$ cat start_13.cif   # mmCIF, C-alpha atoms
data_entry
#
loop_
_atom_site.group_PDB
_atom_site.id
_atom_site.type_symbol
_atom_site.label_atom_id
_atom_site.label_comp_id
_atom_site.auth_asym_id
_atom_site.auth_seq_id
_atom_site.Cartn_x
_atom_site.Cartn_y
_atom_site.Cartn_z
ATOM 1 C CA MET A 814 -31.653 7.060 -12.841
ATOM 2 C CA ALA A 815 -30.781 3.345 -12.831
ATOM 3 C CA LEU A 816 -28.023 3.934 -15.403
ATOM 4 C CA ILE A 817 -26.598 6.885 -13.442
ATOM 5 C CA SER A 818 -26.679 4.802 -10.255
ATOM 6 C CA LEU A 819 -24.833 1.979 -12.021
ATOM 7 C CA LEU A 820 -22.187 4.357 -13.418
ATOM 8 C CA LEU A 821 -21.661 5.959 -10.000
ATOM 9 C CA ARG A 822 -21.330 2.539 -8.389
ATOM 10 C CA VAL A 823 -18.784 1.487 -11.009
ATOM 11 C CA VAL A 824 -16.706 4.695 -10.671
ATOM 12 C CA LEU A 825 -16.911 5.253 -6.905
ATOM 13 C CA ILE A 826 -16.923 1.698 -5.580
ATOM 14 C CA SER A 827 -16.010 -0.968 -8.125
ATOM 15 C CA ILE A 828 -13.030 0.680 -9.851
ATOM 16 C CA PRO A 829 -11.149 1.379 -6.562
ATOM 17 C CA GLU A 830 -11.948 -2.180 -5.450
ATOM 18 C CA GLN A 831 -10.690 -3.812 -8.649
ATOM 19 C CA ALA A 832 -7.696 -1.463 -8.759
ATOM 20 C CA PHE A 833 -6.707 -2.693 -5.298
ATOM 21 C CA ILE A 834 -6.976 -6.343 -6.386
ATOM 22 C CA VAL A 835 -4.772 -5.748 -9.444
ATOM 23 C CA LEU A 836 -2.216 -3.483 -7.716
ATOM 24 C CA PHE A 837 -1.970 -5.697 -4.618
ATOM 25 C CA ALA A 838 -1.336 -8.758 -6.799
ATOM 26 C CA LEU A 839 1.325 -6.818 -8.737
ATOM 27 C CA GLY A 840 2.811 -5.510 -5.481
ATOM 28 C CA LEU A 841 3.255 -9.093 -4.263
ATOM 29 C CA LEU A 842 4.914 -9.897 -7.597
ATOM 30 C CA GLY A 843 7.752 -7.543 -6.615
ATOM 31 C CA LYS A 844 10.362 -6.117 -9.000
ATOM 32 C CA GLU A 845 8.782 -7.676 -12.076
ATOM 33 C CA SER A 846 5.613 -5.643 -11.497
ATOM 34 C CA LYS A 847 7.430 -2.356 -12.245
ATOM 35 C CA LEU A 848 8.186 -3.425 -15.800
ATOM 36 C CA LEU A 849 4.668 -4.793 -16.154
ATOM 37 C CA LEU A 850 3.178 -1.456 -15.060
ATOM 38 C CA LYS A 851 5.331 0.449 -17.569
ATOM 39 C CA THR A 852 4.668 -1.781 -20.571
ATOM 40 C CA ASN A 853 1.037 -2.777 -19.946
ATOM 41 C CA ARG A 854 -0.467 0.287 -18.261
ATOM 42 C CA ILE A 855 -3.342 0.634 -20.729
ATOM 43 C CA SER A 856 -4.069 -3.101 -20.601
ATOM 44 C CA LEU A 857 -4.251 -2.997 -16.803
ATOM 45 C CA VAL A 858 -6.659 -0.043 -16.892
ATOM 46 C CA VAL A 859 -8.857 -2.003 -19.328
ATOM 47 C CA VAL A 860 -8.724 -5.026 -16.982
ATOM 48 C CA ILE A 861 -9.795 -2.884 -14.016
ATOM 49 C CA ILE A 862 -12.687 -1.230 -15.907
ATOM 50 C CA CYS A 863 -13.916 -4.543 -17.374
ATOM 51 C CA GLN A 864 -13.812 -6.212 -13.972
ATOM 52 C CA SER A 865 -15.651 -3.270 -12.394
ATOM 53 C CA VAL A 866 -18.500 -3.480 -14.889
ATOM 54 C CA LEU A 867 -18.575 -7.286 -14.645
ATOM 55 C CA SER A 868 -18.716 -7.266 -10.830
ATOM 56 C CA ASN A 869 -21.732 -4.962 -10.942
ATOM 57 C CA LEU A 870 -23.472 -7.188 -13.481
ATOM 58 C CA ILE A 871 -22.897 -10.164 -11.172
ATOM 59 C CA ARG A 872 -24.347 -8.159 -8.275
ATOM 60 C CA MET A 873 -27.382 -7.181 -10.353
ATOM 61 C CA LEU A 874 -27.960 -10.832 -11.290
ATOM 62 C CA GLY A 875 -27.915 -11.761 -7.605
ATOM 63 C CA PHE A 876 -24.724 -13.850 -7.573
ATOM 64 C CA SER A 877 -22.583 -11.518 -5.436
ATOM 65 C CA SER A 878 -23.864 -12.923 -2.147
ATOM 66 C CA SER A 879 -23.086 -16.524 -3.181
ATOM 67 C CA ILE A 880 -19.722 -18.211 -3.708
ATOM 68 C CA ILE A 881 -20.281 -18.165 -7.488
ATOM 69 C CA GLY A 882 -19.571 -14.426 -7.794
ATOM 70 C CA PRO A 883 -16.092 -14.366 -6.164
ATOM 71 C CA ILE A 884 -15.040 -17.602 -7.921
ATOM 72 C CA PHE A 885 -16.106 -16.281 -11.307
ATOM 73 C CA LEU A 886 -14.354 -12.942 -10.734
ATOM 74 C CA PHE A 887 -11.176 -14.715 -9.607
ATOM 75 C CA PHE A 888 -10.916 -16.813 -12.760
ATOM 76 C CA GLU A 889 -11.903 -13.908 -14.991
ATOM 77 C CA LEU A 890 -9.338 -11.538 -13.441
ATOM 78 C CA SER A 891 -6.624 -14.202 -13.370
ATOM 79 C CA LEU A 892 -7.235 -15.006 -17.027
ATOM 80 C CA LEU A 893 -6.943 -11.354 -18.009
ATOM 81 C CA LEU A 894 -3.755 -10.860 -15.987
ATOM 82 C CA VAL A 895 -2.201 -14.049 -17.338
ATOM 83 C CA VAL A 896 -2.936 -12.891 -20.896
ATOM 84 C CA ILE A 897 -1.010 -9.701 -20.114
ATOM 85 C CA GLU A 898 1.907 -11.442 -18.349
ATOM 86 C CA ARG A 899 2.246 -15.118 -19.320
ATOM 87 C CA ARG A 900 5.716 -15.616 -17.802
ATOM 88 C CA ASN A 901 4.412 -15.294 -14.238
ATOM 89 C CA ALA A 902 1.102 -17.121 -14.707
ATOM 90 C CA LYS A 903 1.372 -19.295 -11.569
ATOM 91 C CA LYS A 904 2.456 -16.403 -9.348
ATOM 92 C CA ILE A 905 -0.292 -14.159 -10.690
ATOM 93 C CA LEU A 906 -2.946 -16.815 -10.000
ATOM 94 C CA VAL A 907 -1.752 -17.220 -6.411
ATOM 95 C CA TYR A 908 -1.372 -13.473 -5.786
ATOM 96 C CA THR A 909 -4.771 -12.730 -7.350
ATOM 97 C CA PHE A 910 -6.345 -15.260 -4.998
ATOM 98 C CA ILE A 911 -4.582 -13.605 -2.040
ATOM 99 C CA SER A 912 -5.754 -10.152 -3.206
ATOM 100 C CA ILE A 913 -9.377 -11.254 -3.491
ATOM 101 C CA LEU A 914 -9.131 -12.983 -0.098
ATOM 102 C CA VAL A 915 -7.749 -9.787 1.478
ATOM 103 C CA ILE A 916 -10.470 -7.635 -0.039
ATOM 104 C CA MET A 917 -13.220 -10.053 1.062
ATOM 105 C CA ILE A 918 -11.902 -10.143 4.656
ATOM 106 C CA THR A 919 -11.495 -6.361 4.905
ATOM 107 C CA GLU A 920 -14.905 -5.776 3.331
ATOM 108 C CA TYR A 921 -16.628 -8.265 5.633
ATOM 109 C CA ALA A 922 -14.959 -6.837 8.737
ATOM 110 C CA CYS A 923 -15.490 -3.152 7.904
ATOM 111 C CA VAL A 924 -19.084 -3.508 6.685
ATOM 112 C CA ASN A 925 -20.036 -5.424 9.835
ATOM 113 C CA ILE A 926 -18.401 -2.795 12.041
ATOM 114 C CA ILE A 927 -20.481 -0.104 10.333
ATOM 115 C CA LEU A 928 -23.689 -2.155 10.513
ATOM 116 C CA TYR A 929 -23.226 -2.904 14.219
ATOM 117 C CA SER A 930 -22.210 0.680 15.018
ATOM 118 C CA THR A 931 -25.124 2.422 13.263
ATOM 119 C CA SER A 932 -28.792 1.822 12.521
ATOM 120 C CA ILE A 933 -27.979 1.269 8.835
ATOM 121 C CA LYS A 934 -29.086 -1.923 7.110
ATOM 122 C CA ILE A 935 -27.371 -3.667 4.231
ATOM 123 C CA SER A 936 -30.326 -2.840 1.988
ATOM 124 C CA ASP A 937 -29.571 0.884 2.481
ATOM 125 C CA PHE A 938 -26.240 0.402 0.685
ATOM 126 C CA ASP A 939 -28.006 -1.186 -2.289
ATOM 127 C CA SER A 940 -30.472 1.682 -2.605
ATOM 128 C CA ASN A 941 -28.097 4.605 -1.913
ATOM 129 C CA VAL A 942 -24.851 4.731 -3.910
ATOM 130 C CA LEU A 943 -23.349 7.707 -2.041
ATOM 131 C CA LEU A 944 -24.034 6.037 1.303
ATOM 132 C CA ALA A 945 -22.362 2.869 0.040
ATOM 133 C CA PHE A 946 -19.391 4.923 -1.179
ATOM 134 C CA VAL A 947 -18.862 6.598 2.207
ATOM 135 C CA ALA A 948 -19.123 3.166 3.857
ATOM 136 C CA THR A 949 -16.309 1.851 1.647
ATOM 137 C CA LEU A 950 -13.855 4.538 2.820
ATOM 138 C CA LEU A 951 -13.082 2.550 5.978
ATOM 139 C CA GLU A 952 -12.141 -0.608 4.098
ATOM 140 C CA ARG A 953 -10.316 1.425 1.434
ATOM 141 C CA SER A 954 -8.108 3.028 4.101
ATOM 142 C CA LEU A 955 -7.256 -0.413 5.510
ATOM 143 C CA GLN A 956 -6.631 -1.771 2.012
ATOM 144 C CA PHE A 957 -4.477 1.240 1.132
ATOM 145 C CA LEU A 958 -2.396 0.621 4.270
ATOM 146 C CA LEU A 959 -1.837 -3.013 3.259
ATOM 147 C CA LEU A 960 -1.074 -2.012 -0.341
ATOM 148 C CA TYR A 961 1.361 0.678 0.782
ATOM 149 C CA LEU A 962 3.130 -1.808 3.075
ATOM 150 C CA VAL A 963 3.467 -4.294 0.206
ATOM 151 C CA ILE A 964 4.719 -1.685 -2.271
ATOM 152 C CA SER A 965 7.064 -0.004 0.240
ATOM 153 C CA ARG A 966 8.418 -3.186 1.848
ATOM 154 C CA LYS A 967 11.697 -2.791 -0.045
ATOM 155 C CA ILE A 968 13.569 0.535 -0.126
ATOM 156 C CA LYS A 969 16.100 0.828 -2.948
ATOM 157 C CA LEU A 970 19.307 2.592 -1.920
ATOM 158 C CA THR A 971 21.709 4.459 -4.192
ATOM 159 C CA ASN A 972 24.348 1.693 -4.014
ATOM 160 C CA GLY A 973 21.867 -0.759 -5.560
ATOM 161 C CA LYS A 974 21.112 -2.537 -2.295
ATOM 162 C CA GLU A 975 17.638 -2.843 -0.786
ATOM 163 C CA LYS A 976 16.425 -2.359 2.758
ATOM 164 C CA ASN A 977 13.296 -3.864 4.295
ATOM 165 C CA ILE A 978 10.866 -1.283 5.672
ATOM 166 C CA LEU A 979 10.407 -3.350 8.851
ATOM 167 C CA GLU A 980 14.167 -3.182 9.459
ATOM 168 C CA VAL A 981 14.009 0.595 9.066
ATOM 169 C CA LEU A 982 11.128 0.892 11.549
ATOM 170 C CA ILE A 983 13.125 -0.964 14.235
ATOM 171 C CA SER A 984 16.657 0.043 13.202
ATOM 172 C CA SER A 985 17.344 2.040 16.382
ATOM 173 C CA PRO A 986 16.008 2.068 19.967
ATOM 174 C CA LYS A 987 14.248 5.387 19.340
ATOM 175 C CA LYS A 988 12.562 4.093 16.160
ATOM 176 C CA ARG A 989 11.560 0.865 17.936
ATOM 177 C CA ARG A 990 9.919 2.870 20.718
ATOM 178 C CA VAL A 991 8.090 5.135 18.261
ATOM 179 C CA THR A 992 6.887 2.197 16.133
ATOM 180 C CA THR A 993 5.787 0.121 19.143
ATOM 181 C CA LEU A 994 4.042 3.079 20.776
ATOM 182 C CA SER A 995 2.253 4.001 17.531
ATOM 183 C CA ILE A 996 0.987 0.435 17.028
ATOM 184 C CA ILE A 997 -0.166 0.105 20.649
ATOM 185 C CA LEU A 998 -1.939 3.491 20.649
ATOM 186 C CA ASN A 999 -3.672 2.804 17.327
ATOM 187 C CA ILE A 1000 -4.826 -0.648 18.410
ATOM 188 C CA ALA A 1001 -6.062 0.782 21.721
ATOM 189 C CA PHE A 1002 -7.892 3.548 19.844
ATOM 190 C CA LEU A 1003 -9.574 0.985 17.569
ATOM 191 C CA ILE A 1004 -10.616 -1.188 20.529
ATOM 192 C CA VAL A 1005 -12.040 1.702 22.546
ATOM 193 C CA THR A 1006 -13.738 3.326 19.540
ATOM 194 C CA GLY A 1007 -15.111 -0.014 18.349
ATOM 195 C CA LYS A 1008 -16.486 -0.771 21.822
ATOM 196 C CA VAL A 1009 -18.139 2.644 22.098
ATOM 197 C CA PHE A 1010 -19.605 2.447 18.588
ATOM 198 C CA MET A 1011 -20.580 -1.229 18.412
ATOM 199 C CA PHE A 1012 -21.653 -2.085 21.960
ATOM 200 C CA GLU A 1013 -22.762 1.215 23.452
ATOM 201 C CA LYS A 1014 -24.428 2.268 20.167
ATOM 202 C CA ILE A 1015 -23.715 5.979 20.588
ATOM 203 C CA LEU A 1016 -24.252 6.547 16.845
ATOM 204 C CA SER A 1017 -27.619 4.809 16.575
ATOM 205 C CA ASN A 1018 -29.621 7.995 17.166
ATOM 206 C CA LEU A 1019 -27.717 10.093 14.635
ATOM 207 C CA PRO A 1020 -28.976 10.628 11.076
ATOM 208 C CA MET A 1021 -27.844 7.835 8.759
ATOM 209 C CA ILE A 1022 -25.261 9.792 6.772
ATOM 210 C CA SER A 1023 -23.858 11.524 9.893
ATOM 211 C CA ALA A 1024 -23.498 8.204 11.712
ATOM 212 C CA ILE A 1025 -21.639 6.561 8.893
ATOM 213 C CA ILE A 1026 -19.320 9.569 8.376
ATOM 214 C CA VAL A 1027 -18.418 9.718 12.089
ATOM 215 C CA CYS A 1028 -17.890 5.949 12.245
ATOM 216 C CA THR A 1029 -15.871 5.761 9.029
ATOM 217 C CA PHE A 1030 -13.552 8.701 9.616
ATOM 218 C CA SER A 1031 -12.981 7.862 13.296
ATOM 219 C CA LEU A 1032 -11.894 4.334 12.468
ATOM 220 C CA CYS A 1033 -9.861 5.514 9.438
ATOM 221 C CA MET A 1034 -7.532 7.610 11.592
ATOM 222 C CA PRO A 1035 -5.406 4.731 12.983
ATOM 223 C CA PHE A 1036 -4.819 3.344 9.487
ATOM 224 C CA MET A 1037 -3.884 6.781 8.153
ATOM 225 C CA SER A 1038 -1.461 7.373 11.033
ATOM 226 C CA LEU A 1039 0.257 4.026 10.368
ATOM 227 C CA ILE A 1040 0.552 4.915 6.675
ATOM 228 C CA LEU A 1041 2.213 8.206 7.668
ATOM 229 C CA LEU A 1042 4.544 6.337 10.047
ATOM 230 C CA VAL A 1043 5.709 4.051 7.232
ATOM 231 C CA TYR A 1044 5.960 6.959 4.777
ATOM 232 C CA PHE A 1045 8.138 9.117 7.043
ATOM 233 C CA ALA A 1046 10.324 6.132 7.983
ATOM 234 C CA LYS A 1047 10.871 5.418 4.281
ATOM 235 C CA GLN A 1048 11.657 9.066 3.480
ATOM 236 C CA ASN A 1049 14.024 9.293 6.440
ATOM 237 C CA CYS A 1050 15.898 6.213 5.208
ATOM 238 C CA ILE A 1051 16.151 7.621 1.660
ATOM 239 C CA ASN A 1052 17.305 11.049 2.930
ATOM 240 C CA ASN A 1053 19.923 9.487 5.238
ATOM 241 C CA ASP A 1054 21.223 7.358 2.372
ATOM 242 C CA ALA A 1055 21.474 10.423 0.110
ATOM 243 C CA TYR A 1056 23.247 12.405 2.866
ATOM 244 C CA VAL A 1057 25.798 9.635 3.496
ATOM 245 C CA ASN A 1058 26.496 9.341 -0.229
ATOM 246 C CA LEU A 1059 26.993 13.113 -0.447
ATOM 247 C CA LEU A 1060 29.512 12.981 2.412
ATOM 248 C CA VAL A 1061 31.353 10.082 0.757
ATOM 249 C CA TRP A 1062 31.475 11.986 -2.547
ATOM 250 C CA GLU A 1063 32.858 15.095 -0.821
ATOM 251 C CA MET A 1064 35.484 12.979 0.996
ATOM 252 C CA LYS A 1065 36.522 11.371 -2.300
ATOM 253 C CA CYS A 1066 36.841 14.791 -3.928
ATOM 254 C CA ARG A 1067 38.934 16.053 -1.012
ATOM 255 C CA ALA A 1068 41.114 12.914 -1.041
ATOM 256 C CA GLU A 1069 41.718 13.230 -4.793
ATOM 257 C CA SER A 1070 42.683 16.895 -4.299
ATOM 258 C CA ILE A 1071 45.178 15.933 -1.575
ATOM 259 C CA LEU A 1072 46.539 13.169 -3.842
ATOM 260 C CA GLU A 1073 47.173 15.678 -6.634
ATOM 261 C CA GLU A 1074 49.061 17.944 -4.211
ATOM 262 C CA ALA A 1075 51.086 14.963 -2.961
ATOM 263 C CA LYS A 1076 52.029 14.056 -6.531
ATOM 264 C CA LYS A 1077 53.329 17.593 -7.099
ATOM 265 C CA THR A 1078 55.440 17.485 -3.943
ATOM 266 C CA ASN A 1079 56.372 13.829 -4.542
ATOM 267 C CA ASN A 1080 55.273 12.871 -1.008
ATOM 268 C CA GLN A 1081 54.995 9.074 -1.242
ATOM 269 C CA ASP A 1082 53.666 8.545 2.307
ATOM 270 C CA ILE A 1083 50.676 10.824 1.724
ATOM 271 C CA ARG A 1084 50.061 9.259 -1.693
ATOM 272 C CA ASP A 1085 50.017 5.732 -0.197
ATOM 273 C CA THR A 1086 47.726 6.794 2.648
ATOM 274 C CA VAL A 1087 45.263 8.594 0.358
ATOM 275 C CA ASN A 1088 45.259 5.701 -2.158
ATOM 276 C CA SER A 1089 44.438 3.215 0.604
ATOM 277 C CA ILE A 1090 41.578 5.480 1.753
ATOM 278 C CA LEU A 1091 40.224 5.771 -1.798
ATOM 279 C CA MET A 1092 40.433 2.003 -2.288
ATOM 280 C CA SER A 1093 38.489 1.419 0.931
ATOM 281 C CA MET A 1094 35.798 3.830 -0.324
ATOM 282 C CA GLU A 1095 35.388 2.128 -3.725
ATOM 283 C CA GLY A 1096 32.455 0.003 -2.572
ATOM 284 C CA THR A 1097 30.510 2.951 -1.176
#
$ encode --input "start_13.cif" --output "structure tokens"
Amino acid sequence: MALISLLLRVVLISIPEQAFIVLFALGLLGKESKLLLKTNRISLVVVIICQSVLSNLIRMLGFSSSIIGPIFLFFELSLLLVVIERRNAKKILVYTFISILVIMITEYACVNIILYSTSIKISDFDSNVLLAFVATLLERSLQFLLLYLVISRKIKLTNGKEKNILEVLISSPKKRRVTTLSIILNIAFLIVTGKVFMFEKILSNLPMISAIIVCTFSLCMPFMSLILLVYFAKQNCINNDAYVNLLVWEMKCRAESILEEAKKTNNQDIRDTVNSILMSMEGT
């Protein structure tokens, strides 16, 4: 049973956690991370699995609650990543530190919200793997939102240029209103829900698993809605870019057709006008 519990903890909790640390660090690395993911995919999977097993061994030895555990994991993970990608050693060290800091803050905040909102104790997470897994869904949703924002912060357009996702979200008055309203409503929802759960203790009388499911999924909703907001804004930008490029292509085809007709009729005015239009469209 102890071995099964350890395996479940590694698969359900530790691997997603370590995957976030690695992917968030690579997301901060930017363009270079795409090549790294293509060429070192197997190596990165090995890093994630090794770190997952190692983090559980540290927890079993009782070091996870002290500063020794996070420090050791930071140097171990950084060393493994640097071995994979030596050219960006300094950046990887800094971004790994940021990733671990983010995961520690989100874990601390989300676990405390759950503990204050329910009658669950921290010891219950140690003894019940499935309960601990459900409890991690809240922090995973927040971490996924942050990861998605980092990965999607630059939108590549067909002309080779890039657009910042924040610019897209506020690119028009309508989009600004939608983005602002979504953020305000989600923050208000979190404040009200947190107050009801944490201070009025409405979940304290529910069974343990029911309380944690209600708490987790209620507080996950704002993060999921913000992820959808970013996703649809990104898709809208990509679709608009594709539509504009299609229109430009059709206009070029039509202009070239008119130019051919003008050549046949030897109409110099039309030829000059069409050529000037085509030259102005060269950069698009």
$ residues_around --input "start_13.cif" --residues "Ile916 of chain A" --least-positions-apart "6" --cutoff "8 Å" --atoms "only C-alpha atoms" --output "list of chain:residue names"
A:Glu830, A:Ile834, A:Gln956
$ resolve_selection --input "start_13.cif" --expression "the PyMOL selection byres ((chain A and resi 930) around 8)" --output "JSON, numbers by chain"
{"A": [926, 927, 928, 929, 931, 932, 1007, 1010, 1011, 1012, 1014, 1015, 1016, 1017, 1028]}
$ write_last_selection --input "start_13.cif" --atoms "C-alpha atoms" --output "PDB file, in the coordinates of the input"
ATOM      1  CA  ILE A 926     -18.401  -2.795  12.041  1.00  0.00           C
ATOM      2  CA  ILE A 927     -20.481  -0.104  10.333  1.00  0.00           C
ATOM      3  CA  LEU A 928     -23.689  -2.155  10.513  1.00  0.00           C
ATOM      4  CA  TYR A 929     -23.226  -2.904  14.219  1.00  0.00           C
ATOM      5  CA  THR A 931     -25.124   2.422  13.263  1.00  0.00           C
ATOM      6  CA  SER A 932     -28.792   1.822  12.521  1.00  0.00           C
ATOM      7  CA  GLY A1007     -15.111  -0.014  18.349  1.00  0.00           C
ATOM      8  CA  PHE A1010     -19.605   2.447  18.588  1.00  0.00           C
ATOM      9  CA  MET A1011     -20.580  -1.229  18.412  1.00  0.00           C
ATOM     10  CA  PHE A1012     -21.653  -2.085  21.960  1.00  0.00           C
ATOM     11  CA  LYS A1014     -24.428   2.268  20.167  1.00  0.00           C
ATOM     12  CA  ILE A1015     -23.715   5.979  20.588  1.00  0.00           C
ATOM     13  CA  LEU A1016     -24.252   6.547  16.845  1.00  0.00           C
ATOM     14  CA  SER A1017     -27.619   4.809  16.575  1.00  0.00           C
ATOM     15  CA  CYS A1028     -17.890   5.949  12.245  1.00  0.00           C
TER      16      CYS A1028
END
$ residues_around --input "start_13.cif" --residues "Thr919 of chain A" --least-positions-apart "4" --cutoff "8 Å" --atoms "all atoms listed in the file" --output "PyMOL selection string"
chain A and resi 915+923+952+955-956
$ closest_residue --input "start_13.cif" --among "A:Ser865, A:Asn925, A:Asn999, A:Ser912" --to "Phe833 of chain A" --atoms "all atoms listed in the file"
A:Ser912
$ atom_distance --input "start_13.cif" --atom1 "atom CA of Ile1040 of chain A" --atom2 "atom CA of Leu958 of chain A"
5.7 Å
$ resolve_selection --input "start_13.cif" --expression "the PyMOL selection byres ((chain A and resi 1048-1053) around 9)" --output "compact mmCIF listing (two decimals) with C-alpha atoms, keeping the file's coordinate frame"
# COMPACT_ATOMS: atom_id res chain seq x y z
CA ILE A 968 13.57 0.54 -0.13
CA LYS A 969 16.10 0.83 -2.95
CA LEU A 970 19.31 2.59 -1.92
CA THR A 971 21.71 4.46 -4.19
CA LYS A 976 16.42 -2.36 2.76
CA VAL A 981 14.01 0.60 9.07
CA VAL A 1043 5.71 4.05 7.23
CA TYR A 1044 5.96 6.96 4.78
CA PHE A 1045 8.14 9.12 7.04
CA ALA A 1046 10.32 6.13 7.98
CA LYS A 1047 10.87 5.42 4.28
CA ASP A 1054 21.22 7.36 2.37
CA ALA A 1055 21.47 10.42 0.11
CA TYR A 1056 23.25 12.40 2.87
CA VAL A 1057 25.80 9.64 3.50
CA ASN A 1058 26.50 9.34 -0.23
$ atom_distance --input "start_13.cif" --atom1 "atom CA of Asn977 of chain A" --atom2 "atom CA of Leu1042 of chain A"
14.6 Å
$ residues_near_point --input "start_13.cif" --point "(-6.1, 5.1, 9.5)" --cutoff "10 Å" --atoms "only C-alpha atoms" --output "mmCIF file with C-alpha atoms, in the coordinates of the input"
data_model
loop_
_atom_site.group_PDB
_atom_site.id
_atom_site.type_symbol
_atom_site.label_atom_id
_atom_site.label_comp_id
_atom_site.auth_asym_id
_atom_site.auth_seq_id
_atom_site.Cartn_x
_atom_site.Cartn_y
_atom_site.Cartn_z
ATOM 1 C CA LEU A 951 -13.082 2.550 5.978
ATOM 2 C CA GLU A 952 -12.141 -0.608 4.098
ATOM 3 C CA ARG A 953 -10.316 1.425 1.434
ATOM 4 C CA SER A 954 -8.108 3.028 4.101
ATOM 5 C CA LEU A 955 -7.256 -0.413 5.510
ATOM 6 C CA PHE A 957 -4.477 1.240 1.132
ATOM 7 C CA LEU A 958 -2.396 0.621 4.270
ATOM 8 C CA ASN A 999 -3.672 2.804 17.327
ATOM 9 C CA LEU A 1003 -9.574 0.985 17.569
ATOM 10 C CA THR A 1029 -15.871 5.761 9.029
ATOM 11 C CA PHE A 1030 -13.552 8.701 9.616
ATOM 12 C CA SER A 1031 -12.981 7.862 13.296
ATOM 13 C CA LEU A 1032 -11.894 4.334 12.468
ATOM 14 C CA CYS A 1033 -9.861 5.514 9.438
ATOM 15 C CA MET A 1034 -7.532 7.610 11.592
ATOM 16 C CA PRO A 1035 -5.406 4.731 12.983
ATOM 17 C CA PHE A 1036 -4.819 3.344 9.487
ATOM 18 C CA MET A 1037 -3.884 6.781 8.153
ATOM 19 C CA SER A 1038 -1.461 7.373 11.033
ATOM 20 C CA LEU A 1039 0.257 4.026 10.368
ATOM 21 C CA ILE A 1040 0.552 4.915 6.675
ATOM 22 C CA LEU A 1041 2.213 8.206 7.668
#
$ atom_distance --input "start_13.cif" --atom1 "atom CA of Val859 of chain A" --atom2 "atom CA of Val823 of chain A"
13.4 Å
$ resolve_selection --input "start_13.cif" --expression "the PyMOL selection byres ((chain A and resi 820) around 12)" --output "PyMOL selection string"
chain A and resi 814-819+821-828+862+865-866+869-870+942-943
$ axis_aligned_box --input "start_13.cif" --around "segment 826-829 of chain A" --padding-each-side "3 Å" --output "lines of an AutoDock Vina configuration file"
center_x = -14.0
center_y = 0.4
center_z = -7.7
size_x = 11.8
size_y = 8.7
size_z = 10.3
$ build_atoms --input "start_13.cif" --residues "segment 1038-1051 of chain A" --atoms "N, CA and C atoms" --output "short mmCIF file (atom, residue, chain, number, x, y, z; two decimals), in the coordinates of the input"
data_model
loop_
_atom_site.label_atom_id
_atom_site.label_comp_id
_atom_site.auth_asym_id
_atom_site.auth_seq_id
_atom_site.Cartn_x
_atom_site.Cartn_y
_atom_site.Cartn_z
N SER A 1038 -2.65 7.05 10.24
CA SER A 1038 -1.46 7.37 11.03
C SER A 1038 -0.36 6.34 10.82
N LEU A 1039 -0.74 5.07 10.64
CA LEU A 1039 0.26 4.03 10.37
C LEU A 1039 0.87 4.20 8.98
N ILE A 1040 0.04 4.63 8.02
CA ILE A 1040 0.55 4.92 6.68
C ILE A 1040 1.58 6.04 6.74
N LEU A 1041 1.28 7.08 7.51
CA LEU A 1041 2.21 8.21 7.67
C LEU A 1041 3.50 7.76 8.36
N LEU A 1042 3.37 6.87 9.35
CA LEU A 1042 4.54 6.34 10.05
C LEU A 1042 5.48 5.64 9.07
N VAL A 1043 4.92 4.78 8.23
CA VAL A 1043 5.71 4.05 7.23
C VAL A 1043 6.31 5.02 6.21
N TYR A 1044 5.50 5.99 5.78
CA TYR A 1044 5.96 6.96 4.78
C TYR A 1044 7.16 7.76 5.29
N PHE A 1045 7.05 8.29 6.50
CA PHE A 1045 8.14 9.12 7.04
C PHE A 1045 9.38 8.28 7.34
N ALA A 1046 9.18 7.02 7.75
CA ALA A 1046 10.32 6.13 7.98
C ALA A 1046 11.05 5.87 6.67
N LYS A 1047 10.28 5.66 5.60
CA LYS A 1047 10.87 5.42 4.28
C LYS A 1047 11.62 6.65 3.80
N GLN A 1048 11.01 7.83 3.92
CA GLN A 1048 11.66 9.07 3.48
C GLN A 1048 12.91 9.36 4.28
N ASN A 1049 12.86 9.08 5.58
CA ASN A 1049 14.02 9.29 6.44
C ASN A 1049 15.18 8.40 6.01
N CYS A 1050 14.87 7.16 5.67
CA CYS A 1050 15.90 6.21 5.21
C CYS A 1050 16.51 6.69 3.89
N ILE A 1051 15.67 7.13 2.96
CA ILE A 1051 16.15 7.62 1.66
C ILE A 1051 17.00 8.87 1.83
#
